[in-house]
$ cat coords.cif   # mmCIF, C-alpha atoms
data_coords
#
loop_
_atom_site.label_atom_id
_atom_site.label_comp_id
_atom_site.auth_asym_id
_atom_site.auth_seq_id
_atom_site.Cartn_x
_atom_site.Cartn_y
_atom_site.Cartn_z
CA MET A 1 -50.23 24.14 -86.05
CA ARG A 2 -50.95 25.46 -82.61
CA ALA A 3 -48.61 24.45 -79.72
CA HIS A 4 -50.20 22.86 -76.67
CA ARG A 5 -49.21 23.83 -73.15
CA PRO A 6 -48.55 20.94 -70.73
CA SER A 7 -51.37 20.34 -68.39
CA PRO A 8 -50.92 21.00 -64.67
CA ALA A 9 -51.13 17.29 -63.97
CA LEU A 10 -48.23 16.64 -66.34
CA VAL A 11 -46.13 19.36 -64.71
CA ILE A 12 -46.76 17.95 -61.23
CA ALA A 13 -45.96 14.42 -62.44
CA CYS A 14 -42.64 15.58 -63.90
CA ILE A 15 -41.70 17.40 -60.68
CA ALA A 16 -42.56 14.34 -58.63
CA LEU A 17 -40.43 12.17 -60.91
CA GLY A 18 -37.50 14.56 -60.60
CA VAL A 19 -37.78 14.63 -56.81
CA ALA A 20 -38.00 10.87 -56.67
CA LEU A 21 -34.95 10.43 -58.86
CA GLY A 22 -32.99 13.07 -56.94
CA GLY A 23 -33.96 11.51 -53.63
CA THR A 24 -32.79 8.07 -54.74
CA SER A 25 -29.45 9.55 -55.83
CA TYR A 26 -29.06 11.33 -52.49
CA ALA A 27 -29.81 8.16 -50.60
CA VAL A 28 -27.12 6.30 -52.51
CA THR A 29 -24.36 8.94 -52.16
CA ARG A 30 -25.13 10.25 -48.65
CA LEU A 31 -26.08 7.53 -46.16
CA PRO A 32 -27.56 8.62 -42.88
CA PRO A 33 -25.38 8.02 -39.80
CA ARG A 34 -25.58 4.51 -38.27
CA SER A 35 -27.58 3.24 -41.26
CA VAL A 36 -24.98 0.54 -42.21
CA GLY A 37 -24.49 -2.48 -39.94
CA THR A 38 -22.96 -5.93 -40.09
CA GLU A 39 -25.84 -7.19 -42.23
CA GLN A 40 -25.07 -4.64 -44.99
CA LEU A 41 -21.29 -5.37 -45.11
CA LYS A 42 -19.82 -8.09 -47.28
CA ALA A 43 -17.18 -10.43 -45.86
CA ALA A 44 -13.69 -8.78 -45.82
CA ALA A 45 -15.21 -5.55 -47.12
CA VAL A 46 -13.41 -3.46 -44.45
CA THR A 47 -9.63 -3.79 -44.86
CA ARG A 48 -6.79 -2.32 -42.81
CA SER A 49 -6.08 0.36 -45.43
CA ARG A 50 -9.68 1.61 -45.15
CA ILE A 51 -9.46 2.15 -41.36
CA ARG A 52 -8.23 5.55 -40.23
CA ASP A 53 -5.19 5.65 -37.89
CA SER A 54 -6.20 5.72 -34.20
CA ALA A 55 -9.84 5.13 -35.21
CA ILE A 56 -10.16 2.09 -32.92
CA VAL A 57 -9.56 2.50 -29.18
CA GLY A 58 -8.89 -0.20 -26.60
CA VAL A 59 -12.44 -0.39 -25.30
CA LYS A 60 -13.63 -1.36 -28.80
CA VAL A 61 -11.32 -4.39 -28.99
CA ALA A 62 -12.87 -7.71 -28.00
CA PRO A 63 -11.27 -9.49 -25.02
CA ASP A 64 -8.42 -11.84 -25.99
CA ALA A 65 -8.57 -10.58 -29.60
CA LEU A 66 -4.96 -9.36 -29.62
CA LYS A 67 -1.91 -11.63 -29.62
CA GLY A 68 1.64 -10.97 -28.47
CA ALA A 69 2.75 -10.00 -31.97
CA ASP A 70 0.09 -7.26 -32.03
CA ILE A 71 1.40 -5.51 -28.92
CA VAL A 72 4.43 -3.22 -28.55
CA GLU A 73 6.10 -4.57 -25.41
CA GLY A 74 7.82 -1.25 -24.67
CA SER A 75 4.42 0.41 -24.18
CA LEU A 76 3.49 -1.94 -21.36
CA GLY A 77 4.09 -1.09 -17.71
CA THR A 78 5.71 -3.40 -15.20
CA VAL A 79 3.43 -5.99 -13.68
CA PRO A 80 3.32 -5.41 -9.86
CA SER A 81 4.47 -8.92 -9.06
CA ALA A 82 7.31 -8.59 -11.56
CA ARG A 83 8.30 -5.25 -10.02
CA ARG A 84 8.41 -6.80 -6.57
CA ALA A 85 10.45 -9.70 -7.95
CA GLY A 86 12.90 -7.24 -9.52
CA GLU A 87 13.23 -5.32 -6.27
CA ALA A 88 13.79 -8.57 -4.40
CA GLY A 89 16.46 -9.52 -6.94
CA HIS A 90 18.27 -6.21 -6.43
CA ALA A 91 18.05 -6.64 -2.66
CA THR A 92 19.49 -10.14 -2.93
CA GLN A 93 22.36 -8.89 -5.07
CA ALA A 94 23.04 -6.09 -2.56
CA ASP A 95 23.03 -8.59 0.30
CA ARG A 96 25.46 -10.82 -1.57
CA ALA A 97 27.74 -7.88 -2.33
CA ALA A 98 27.67 -6.82 1.33
CA ALA A 99 28.41 -10.39 2.44
CA ALA A 100 31.31 -10.54 -0.01
CA ASP A 101 32.68 -7.26 1.35
CA HIS A 102 32.37 -8.54 4.91
CA ALA A 103 34.12 -11.76 3.95
CA ALA A 104 36.92 -9.81 2.26
CA ALA A 105 37.27 -7.56 5.32
CA ALA A 106 37.35 -10.59 7.62
CA ALA A 107 39.96 -12.24 5.43
CA ALA A 108 42.05 -9.05 5.51
CA LEU A 109 41.77 -8.89 9.32
CA ASP A 110 43.00 -12.46 9.50
CA GLN A 111 46.19 -11.21 7.86
CA VAL A 112 46.80 -8.51 10.54
CA ASP A 113 49.01 -9.22 13.57
CA TYR A 114 50.10 -7.19 16.58
CA ARG A 115 53.49 -7.61 18.18
CA ALA A 116 54.82 -5.87 21.29
CA ALA A 117 58.13 -5.31 23.04
CA ALA A 118 58.60 -4.23 26.68
CA GLY A 119 61.09 -1.58 27.66
CA SER A 120 62.27 -0.09 30.95
CA VAL A 121 63.62 3.30 31.83
CA ALA A 122 65.96 3.82 34.80
CA ALA A 123 65.29 6.15 37.68
CA ALA A 124 66.33 9.74 37.21
CA ALA A 125 68.59 11.54 39.70
CA GLU A 126 67.03 14.17 41.87
CA ALA A 127 68.55 17.57 42.17
CA THR A 128 71.12 18.15 44.91
CA GLU A 129 72.97 21.16 46.21
CA SER A 130 75.87 20.29 43.99
CA ALA A 131 74.12 18.93 40.92
CA PRO A 132 70.87 19.55 39.03
CA ALA A 133 68.26 16.89 38.45
CA THR A 134 68.79 14.62 35.52
CA THR A 135 66.47 12.74 33.15
CA THR A 136 66.77 9.28 31.74
CA GLU A 137 65.56 7.78 28.51
CA ALA A 138 65.20 4.36 26.94
CA THR A 139 64.15 2.82 23.64
CA ALA A 140 62.52 -0.45 22.66
CA THR A 141 61.71 -2.03 19.29
CA ALA A 142 58.87 -4.40 18.38
CA HIS A 143 59.41 -6.70 15.39
CA CYS A 144 56.98 -8.32 13.00
CA ASP A 145 57.11 -12.03 12.29
CA PRO A 146 59.08 -13.10 9.23
CA GLY A 147 57.06 -12.54 6.06
CA SER A 148 55.14 -9.57 7.49
CA HIS A 149 55.48 -5.81 7.01
CA ALA A 150 55.05 -3.08 9.62
CA THR A 151 52.14 -0.77 8.81
CA GLY A 152 51.96 1.22 12.05
CA GLY A 153 52.82 1.25 15.73
CA GLY A 154 52.98 3.23 18.94
CA VAL A 155 54.14 3.47 22.56
CA GLN A 156 52.16 2.83 25.76
CA VAL A 157 53.40 4.15 29.12
CA GLU A 158 52.26 3.55 32.69
CA GLU A 159 49.45 5.82 33.78
CA GLY A 160 50.67 8.45 36.24
CA SER A 161 54.32 7.49 35.77
CA GLY A 162 55.30 10.87 34.40
CA LEU A 163 57.01 9.26 31.42
CA VAL A 164 57.18 11.32 28.25
CA ILE A 165 57.11 9.70 24.83
CA GLY A 166 60.04 11.19 22.98
CA ASP A 167 59.17 9.77 19.56
CA ASP A 168 58.18 6.59 17.77
CA HIS A 169 58.82 5.57 14.17
CA PRO A 170 59.17 2.57 11.84
CA SER A 171 62.49 0.77 11.84
CA GLY A 172 62.88 -0.43 8.31
CA SER A 173 59.81 -2.21 6.93
CA THR A 174 59.37 -4.86 9.62
CA ALA A 175 59.68 -3.15 13.02
CA TRP A 176 58.62 -0.17 15.13
CA THR A 177 60.77 1.72 17.66
CA GLY A 178 59.69 3.93 20.53
CA ARG A 179 61.66 6.21 22.88
CA VAL A 180 60.56 7.50 26.29
CA GLU A 181 62.05 10.00 28.75
CA SER A 182 61.67 10.12 32.53
CA ALA A 183 62.43 12.64 35.26
CA ASP A 184 61.03 10.41 37.98
CA PRO A 185 63.42 9.09 40.66
CA ALA A 186 61.88 5.64 40.24
CA PRO A 187 62.28 3.19 37.37
CA HIS A 188 59.33 2.51 35.04
CA THR A 189 58.35 0.21 32.19
CA PHE A 190 56.72 0.96 28.87
CA THR A 191 55.56 -1.00 25.82
CA VAL A 192 56.19 -0.51 22.12
CA PHE A 193 53.77 -2.20 19.71
CA VAL A 194 53.76 -2.72 15.96
CA VAL A 195 50.90 -3.54 13.56
CA CYS A 196 51.97 -6.15 11.02
CA VAL A 197 50.39 -7.36 7.80
CA ARG A 198 51.50 -10.43 5.93
CA SER A 199 53.56 -9.66 2.87
CA GLU A 200 51.09 -11.13 0.31
CA THR A 201 48.34 -8.84 1.68
CA ALA A 202 50.51 -5.76 2.03
CA GLY A 203 51.74 -6.20 -1.56
#

$ encode --input "coords.cif" --output "structure tokens"
Amino acid sequence: MRAHRPSPALVIACIALGVALGGTSYAVTRLPPRSVGTEQLKAAAVTRSRIRDSAIVGVKVAPDALKGADIVEGSLGTVPSARRAGEAGHATQADRAAAADHAAAAAALDQVDYRAAAGSVAAAAEATESAPATTTEATATAHCDPGSHATGGGVQVEEGSGLVIGDDHPSGSTAWTGRVESADPAPHTFTVFVVCVRSETAG
């Protein structure tokens, strides 16, 4: 029995069938870009697990689509009005702290007193043919009121009097003493003062 060769028409028909079948398979496994839209997707077909990380950017999110639970608060910047409110709050706190410091300083100053004591120094003897000139000296002490402590003091002399302050120092914890010297042949006065602080403030 003699074998028959396929006719050219049959060969072409088989090739066309193969191309058609191959093309259909290609179309199913390799979709062209942008060929699938909302009409081709079933409801809930795209789930969270099927979306690549960072695949959706902010401009692709519909307005008001995100809720508070969807946002990481730490990634948000400070709202300008909130920043100004925070700065104003810090300024108010600073003002209150400064006012408190001023009030404390004023209260401390209310506890400070000054007391003074006057002193006089006699005239010094001038030099003579038989005796040299002499100097005189005098002391005075200023006292704090009862219940106050001495924290400082000093001596004030008349301007141009020629008096010399010998020394000044605390006398115990409640007074201040000053000593002056004079070589002037006329008597002079001086003042010793003490700075006092009430005992509860001085500790």

$ atom_distance --input "coords.cif" --atom1 "atom CA of A:Thr92" --atom2 "atom CA of A:Gln111"
28.8 Å

$ closest_residue --input "coords.cif" --among "A:Val112, A:Cys196, A:Ala150, A:Ala142" --to "A:Arg179" --atoms "all atoms listed in the file"
A:Ala142

$ atom_distance --input "coords.cif" --atom1 "atom CA of A:His188" --atom2 "atom CA of A:Ala175"
22.7 Å

$ atom_distance --input "coords.cif" --atom1 "atom CA of A:Asp113" --atom2 "atom CA of A:Thr177"
16.6 Å

$ residues_around --input "coords.cif" --residues "A:Phe190" --least-positions-apart "5" --cutoff "7 Å" --atoms "all atoms listed in the file" --output "compact mmCIF listing (two decimals) with C-alpha atoms, in the coordinates of the input"
# COMPACT_ATOMS: atom_id res chain seq x y z
CA ALA A 118 58.60 -4.23 26.68
CA GLY A 119 61.09 -1.58 27.66
CA SER A 120 62.27 -0.09 30.95
CA GLN A 156 52.16 2.83 25.76
CA VAL A 157 53.40 4.15 29.12
CA GLU A 158 52.26 3.55 32.69

$ resolve_selection --input "coords.cif" --expression "the PyMOL selection byres ((chain A and resi 192) around 6)" --output "tab-separated table (two decimals) with C-alpha atoms, in the frame of the given file"
chain	number	residue	atom	x	y	z
A	116	ALA	CA	54.82	-5.87	21.29
A	117	ALA	CA	58.13	-5.31	23.04
A	154	GLY	CA	52.98	3.23	18.94
A	155	VAL	CA	54.14	3.47	22.56
A	178	GLY	CA	59.69	3.93	20.53
A	191	THR	CA	55.56	-1.00	25.82
A	193	PHE	CA	53.77	-2.20	19.71

$ closest_residue --input "coords.cif" --among "A:Ile56, A:Ala125, A:Leu163, A:Val197" --to "A:Glu137" --atoms "all atoms listed in the file"
A:Leu163

$ residues_near_point --input "coords.cif" --point "(67.2, 16.9, 37.4)" --cutoff "12 Å" --atoms "only C-alpha atoms" --output "list in words"
Ala123, Ala124, Ala125, Glu126, Ala127, Thr128, Glu129, Ser130, Ala131, Pro132, Ala133, Thr134, Thr135, Thr136, Ser182, Ala183, Asp184 and Pro185 of chain A

$ resolve_selection --input "coords.cif" --expression "the PyMOL selection byres ((chain A and resi 165) around 7)" --output "PyMOL selection string"
chain A and resi 163-164+166-167+179-181
